[in-house]
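The data block below is model19.tsv; it holds TSV, C-alpha atoms.
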chain	number	residue	atom	x	y	z
A	1	MET	CA	41.41	47.94	-90.69
A	2	ARG	CA	41.95	47.24	-87.02
A	3	ASN	CA	43.49	43.99	-85.84
A	4	ARG	CA	44.05	42.34	-82.48
A	5	VAL	CA	47.51	40.97	-83.11
A	6	ARG	CA	49.26	43.22	-80.58
A	7	GLU	CA	46.53	42.66	-78.00
A	8	GLN	CA	46.66	38.86	-78.39
A	9	ARG	CA	50.45	38.79	-78.43
A	10	THR	CA	50.83	40.85	-75.26
A	11	GLN	CA	48.18	38.73	-73.53
A	12	ARG	CA	50.41	35.73	-74.19
A	13	GLU	CA	53.49	37.70	-73.11
A	14	MET	CA	55.22	37.03	-76.40
A	15	SER	CA	57.76	39.29	-78.04
A	16	GLN	CA	57.34	40.38	-81.64
A	17	ALA	CA	60.37	38.29	-82.57
A	18	GLU	CA	58.87	35.17	-80.97
A	19	LEU	CA	55.58	35.69	-82.79
A	20	ALA	CA	57.44	36.26	-86.05
A	21	THR	CA	59.31	32.99	-85.63
A	22	ALA	CA	56.08	31.15	-84.83
A	23	LEU	CA	54.34	32.58	-87.91
A	24	GLY	CA	57.33	32.14	-90.22
A	25	VAL	CA	57.62	35.84	-91.08
A	26	SER	CA	60.06	38.57	-90.20
A	27	ARG	CA	59.90	40.69	-87.03
A	28	GLN	CA	59.48	43.76	-89.26
A	29	THR	CA	56.37	42.23	-90.82
A	30	VAL	CA	54.81	41.57	-87.40
A	31	ILE	CA	55.51	45.22	-86.49
A	32	SER	CA	53.92	46.39	-89.76
A	33	ILE	CA	50.83	44.22	-89.25
A	34	GLU	CA	50.38	45.37	-85.65
A	35	SER	CA	50.63	49.01	-86.64
A	36	GLY	CA	48.18	48.51	-89.52
A	37	ARG	CA	50.70	49.52	-92.17
A	38	TYR	CA	50.53	46.11	-93.84
A	39	LEU	CA	47.49	43.96	-94.51
A	40	PRO	CA	48.56	40.31	-94.55
A	41	SER	CA	47.60	37.92	-97.32
A	42	LEU	CA	44.64	35.63	-96.69
A	43	PRO	CA	46.86	32.58	-95.94
A	44	LEU	CA	48.90	34.61	-93.43
A	45	ALA	CA	45.73	36.07	-91.89
A	46	PHE	CA	44.43	32.52	-91.35
A	47	THR	CA	47.79	31.45	-89.91
A	48	ILE	CA	47.69	34.37	-87.45
A	49	ALA	CA	44.08	33.74	-86.48
A	50	ARG	CA	44.66	30.02	-85.96
A	51	PHE	CA	47.79	30.68	-83.96
A	52	PHE	CA	45.77	32.74	-81.49
A	53	GLY	CA	42.78	30.38	-81.61
A	54	LEU	CA	40.46	32.96	-83.14
A	55	THR	CA	38.60	33.30	-86.41
A	56	VAL	CA	39.89	35.71	-89.06
A	57	ASP	CA	36.96	38.09	-88.58
A	58	LYS	CA	37.62	38.22	-84.84
A	59	MET	CA	41.30	38.91	-85.52
A	60	PHE	CA	40.83	41.49	-88.27
A	61	ASP	CA	37.95	43.94	-88.18
A	62	PRO	CA	37.39	45.77	-91.47
A	63	ASP	CA	34.86	48.15	-89.92
A	64	GLU	CA	37.29	49.65	-87.43
A	65	GLU	CA	40.02	52.07	-88.36
A	66	GLU	CA	43.47	51.50	-86.93
A	67	ALA	CA	44.20	54.12	-84.28
A	68	GLY	CA	46.68	56.59	-85.68
A	69	ALA	CA	46.56	55.05	-89.18
B	70	MET	CA	70.26	25.17	-109.32
B	71	MET	CA	69.65	27.99	-106.86
B	72	ALA	CA	68.38	25.45	-104.32
B	73	PHE	CA	71.93	24.11	-103.95
B	74	ILE	CA	73.26	27.54	-103.03
B	75	ARG	CA	72.70	28.83	-99.49
B	76	PRO	CA	70.12	31.67	-99.57
B	77	ARG	CA	72.53	34.16	-98.04
B	78	LEU	CA	75.07	33.47	-100.78
B	79	ARG	CA	72.71	33.73	-103.78
B	80	LYS	CA	72.69	37.51	-104.31
B	81	PRO	CA	76.39	38.04	-103.50
B	82	LEU	CA	77.30	35.27	-105.96
B	83	GLY	CA	75.00	36.84	-108.58
B	84	VAL	CA	76.70	40.21	-108.08
B	85	ALA	CA	80.14	38.62	-108.29
B	86	LEU	CA	79.27	36.61	-111.40
B	87	ALA	CA	77.68	39.50	-113.31
B	88	GLY	CA	80.48	41.87	-112.33
B	89	THR	CA	83.18	39.38	-113.30
B	90	VAL	CA	81.55	38.88	-116.73
B	91	PHE	CA	81.59	42.67	-117.24
B	92	ALA	CA	85.21	42.92	-116.05
B	93	ALA	CA	86.17	40.12	-118.43
B	94	ALA	CA	84.38	41.89	-121.28
B	95	TRP	CA	86.32	45.06	-120.45
B	96	ALA	CA	89.61	43.13	-120.42
B	97	LEU	CA	88.79	41.50	-123.77
B	98	ARG	CA	88.09	44.95	-125.18
B	99	GLY	CA	91.77	45.71	-124.64
B	100	GLY	CA	93.20	49.12	-125.43
B	101	HIS	CA	95.06	51.44	-123.10
B	102	ALA	CA	92.29	51.33	-120.46
B	103	TRP	CA	92.43	47.51	-120.01
B	104	TRP	CA	93.60	48.01	-116.42
B	105	LEU	CA	90.14	49.34	-115.54
B	106	SER	CA	88.94	45.71	-115.68
B	107	VAL	CA	91.04	45.05	-112.55
B	108	ALA	CA	89.45	48.04	-110.80
B	109	ILE	CA	86.00	46.82	-111.90
B	110	GLU	CA	86.68	43.32	-110.53
B	111	VAL	CA	87.93	44.71	-107.20
B	112	THR	CA	84.82	46.92	-106.93
B	113	VAL	CA	82.59	43.97	-107.75
B	114	LEU	CA	84.20	41.76	-105.13
B	115	VAL	CA	83.89	44.49	-102.49
B	116	THR	CA	80.21	44.90	-103.47
B	117	ALA	CA	79.63	41.14	-103.25
B	118	VAL	CA	81.19	41.00	-99.76
B	119	THR	CA	79.13	44.04	-98.68
B	120	THR	CA	75.98	42.34	-99.98
B	121	TYR	CA	76.87	39.20	-98.00
B	122	VAL	CA	77.38	41.25	-94.82
B	123	ARG	CA	74.11	43.15	-95.37
B	124	ALA	CA	72.33	39.81	-95.91
B	125	GLY	CA	73.04	38.96	-92.30
B	126	GLU	CA	71.31	42.05	-90.91
B	127	ASP	CA	67.91	41.86	-89.21
B	128	ASN	CA	66.01	44.28	-91.43
B	129	ASP	CA	64.06	44.33	-94.69
B	130	GLU	CA	67.12	45.04	-96.81
B	131	GLY	CA	68.99	42.22	-95.13
B	132	ALA	CA	66.12	39.79	-95.76
B	133	LEU	CA	66.04	40.74	-99.45
B	134	ALA	CA	69.81	40.57	-99.81
B	135	GLY	CA	69.79	37.21	-98.03
B	136	SER	CA	66.98	35.74	-100.19
B	137	ARG	CA	64.80	35.01	-97.14
B	138	ALA	CA	62.11	37.65	-97.69
B	139	ASP	CA	58.60	37.00	-96.40
B	140	GLU	CA	55.45	38.05	-98.28
B	141	ARG	CA	55.59	41.72	-97.23
B	142	GLN	CA	59.26	42.02	-98.07
B	143	GLN	CA	58.70	40.32	-101.44
B	144	LEU	CA	55.91	42.81	-102.11
B	145	LEU	CA	58.29	45.65	-101.24
B	146	SER	CA	60.81	44.24	-103.68
B	147	VAL	CA	58.25	43.83	-106.47
B	148	ARG	CA	56.97	47.38	-105.99
B	149	SER	CA	60.48	48.80	-105.92
B	150	ARG	CA	61.47	46.93	-109.07
B	151	ALA	CA	58.27	48.08	-110.79
B	152	LEU	CA	59.08	51.68	-109.86
B	153	GLY	CA	62.64	51.24	-111.13
B	154	TRP	CA	61.39	49.80	-114.40
B	155	ASN	CA	58.90	52.66	-114.81
B	156	PHE	CA	61.74	55.16	-114.40
B	157	ALA	CA	63.87	53.21	-116.89
B	158	MET	CA	61.04	53.25	-119.44
B	159	VAL	CA	60.51	57.00	-119.02
B	160	ALA	CA	64.27	57.55	-119.39
B	161	ALA	CA	64.34	55.34	-122.50
B	162	PHE	CA	61.44	57.27	-124.01
B	163	ILE	CA	63.22	60.56	-123.33
B	164	GLY	CA	66.34	59.05	-124.93
B	165	VAL	CA	64.42	58.05	-128.08
B	166	ALA	CA	62.73	61.43	-128.35
B	167	ALA	CA	65.96	63.36	-127.76
B	168	GLY	CA	67.92	61.12	-130.13
B	169	VAL	CA	65.41	61.55	-132.92
B	170	ALA	CA	65.23	65.31	-132.34
B	171	VAL	CA	69.02	65.78	-132.68
B	172	LYS	CA	69.29	63.24	-135.51
B	173	ALA	CA	71.62	61.08	-133.42
B	174	THR	CA	72.73	57.65	-134.60
B	175	TRP	CA	72.14	56.06	-131.21
B	176	TRP	CA	68.41	56.73	-130.86
B	177	TRP	CA	67.48	53.13	-131.74
B	178	THR	CA	69.32	51.75	-128.68
B	179	PHE	CA	66.73	53.47	-126.48
B	180	LEU	CA	64.01	52.09	-128.75
B	181	VAL	CA	65.36	48.58	-128.12
B	182	ILE	CA	65.13	49.18	-124.35
B	183	LEU	CA	61.54	50.40	-124.75
B	184	ALA	CA	60.68	47.39	-126.93
B	185	VAL	CA	62.21	44.95	-124.44
B	186	GLY	CA	60.28	46.65	-121.63
B	187	GLY	CA	57.02	46.44	-123.55
B	188	PHE	CA	57.59	42.82	-124.48
B	189	ALA	CA	58.50	41.91	-120.89
B	190	TYR	CA	55.30	43.58	-119.68
B	191	LEU	CA	53.17	41.57	-122.12
B	192	LEU	CA	55.07	38.41	-121.17
B	193	GLY	CA	54.28	39.17	-117.53
B	194	LEU	CA	50.58	39.59	-118.27
B	195	SER	CA	50.60	36.29	-120.12
B	196	ASN	CA	52.66	34.41	-117.51
B	197	TYR	CA	50.74	35.66	-114.50
B	198	GLY	CA	47.33	34.68	-115.73
B	199	VAL	CA	45.58	37.39	-117.73
B	200	ALA	CA	44.77	34.89	-120.48
B	201	GLU	CA	43.62	32.21	-118.02
B	202	GLU	CA	40.34	33.77	-116.99
B	203	ASP	CA	37.55	31.22	-116.89
B	204	PRO	CA	34.08	32.18	-118.12
B	205	ALA	CA	31.64	33.26	-115.43
B	206	ASP	CA	29.87	30.22	-114.04
B	207	ASP	CA	26.52	31.99	-114.30
B	208	ALA	CA	26.89	32.54	-118.05
B	209	GLY	CA	24.37	30.82	-120.30
B	210	PRO	CA	20.95	29.33	-119.58
B	211	ARG	CA	20.27	27.82	-116.20
B	212	PRO	CA	17.21	26.88	-114.21
B	213	PRO	CA	15.56	29.74	-112.36
B	214	ALA	CA	16.62	30.16	-108.75
B	215	ARG	CA	14.10	29.18	-106.12
B	216	PHE	CA	13.75	31.33	-103.05
B	217	PRO	CA	13.72	30.59	-100.26
B	218	ALA	CA	15.94	27.57	-100.66
B	219	SER	CA	14.29	24.48	-99.29
As structure tokens, what does this structure read like?
Amino acid sequence: MRNRVREQRTQREMSQAELATALGVSRQTVISIESGRYLPSLPLAFTIARFFGLTVDKMFDPDEEEAGA
Amino acid sequence: MMAFIRPRLRKPLGVALAGTVFAAAWALRGGHAWWLSVAIEVTVLVTAVTTYVRAGEDNDEGALAGSRADERQQLLSVRSRALGWNFAMVAAFIGVAAGVAVKATWWWTFLVILAVGGFAYLLGLSNYGVAEEDPADDAGPRPPARFPAS
């Protein structure tokens, strides 16, 4: 599953640590989500999508494979 | 009670408490090896301090040691503990089988471990909702669906 977390974060010029603090998760979890190694729970997926002002299906695309995953 | 203890202190205190209980048990046992209880207590305290130091690190292990794990780190912990318990159950089964085969007197201790593991598994199924499934809401008679909906 591809997601746009890294793309959205870099557009806002945020570090992974800043995003982690904003989402209430660890920096390691943000790294894992961005690389596609971890699929967040539904509540966390909504939190991420809302943080970036997108819908969950715009943030996470089940039809696209993560590059390199 | 845990809420009154700072998250970073919870695991180190747990280690220290459990280790101290074991050291006390060893001291109560007496005999010529009583002094090992002192060595056990020293080891436990060193381990507790090490756990406290690790709890301050910015990594998954540190988050778990510091009781501040997020959902992914909690999942890691649950999976790791499940793997550990699976290994323990396999080891206990091997212990029972080997003990019975050599007519040892200690075979039943492994059986107790297996029984506790089995009971804990069933308790987990019960606690985490296996018995709380509601019936399907489309079960039983209902008016026929109308298509297209108007």
Neighbouring residues of Phe46 (chain A) were defined as those with any atom within 12 Å, considering only C-alpha atoms; residues of the same chain fewer than 4 positions away were excluded. Please report them as a PDB file with C-alpha atoms, in the frame of the given file.
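Saved as around.pdb:
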ATOM      1  CA  LEU A  23      54.340  32.580 -87.910  1.00  0.00           C
ATOM      2  CA  PRO A  40      48.560  40.310 -94.550  1.00  0.00           C
ATOM      3  CA  SER A  41      47.600  37.920 -97.320  1.00  0.00           C
ATOM      4  CA  LEU A  42      44.640  35.630 -96.690  1.00  0.00           C
ATOM      5  CA  ARG A  50      44.660  30.020 -85.960  1.00  0.00           C
ATOM      6  CA  PHE A  51      47.790  30.680 -83.960  1.00  0.00           C
ATOM      7  CA  PHE A  52      45.770  32.740 -81.490  1.00  0.00           C
ATOM      8  CA  GLY A  53      42.780  30.380 -81.610  1.00  0.00           C
ATOM      9  CA  LEU A  54      40.460  32.960 -83.140  1.00  0.00           C
ATOM     10  CA  THR A  55      38.600  33.300 -86.410  1.00  0.00           C
ATOM     11  CA  VAL A  56      39.890  35.710 -89.060  1.00  0.00           C
ATOM     12  CA  ASP A  57      36.960  38.090 -88.580  1.00  0.00           C
ATOM     13  CA  LYS A  58      37.620  38.220 -84.840  1.00  0.00           C
ATOM     14  CA  MET A  59      41.300  38.910 -85.520  1.00  0.00           C
ATOM     15  CA  PHE A  60      40.830  41.490 -88.270  1.00  0.00           C
TER      16      PHE A  60
END
Would you list the contacts of region 25-39 of chain A as a PyMOL selection string, taking every protein, DNA or RNA residue within 10 Å and counting all atoms listed in the file, but skipping same-chain residues closer than 5 positions in sequence? (chain A and resi 1-7+9+15-20+44-45+60+65-69) or (chain B and resi 127-129+132+137-142)
From the list B:Ala170, B:Val118, B:Val199, B:Met158, which residue is nearest Gly187 (chain B) when using all atoms listed in the file? B:Met158
So, counting all atoms listed in the file, which residue among B:Phe156, B:Tyr121, B:Trp104, B:Phe188 is closest to Val84 (chain B)? B:Tyr121
My list of candidates is B:Glu130, B:Ala93, B:Ala161, B:Ala72. Which is closest to chain A when distances are computed with only C-alpha atoms?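 For chain A, the nearest of the given residues is B:Glu130.
Going from CA of Leu97 (chain B) to CA of Ile109 (chain B) covers 13.3 Å.
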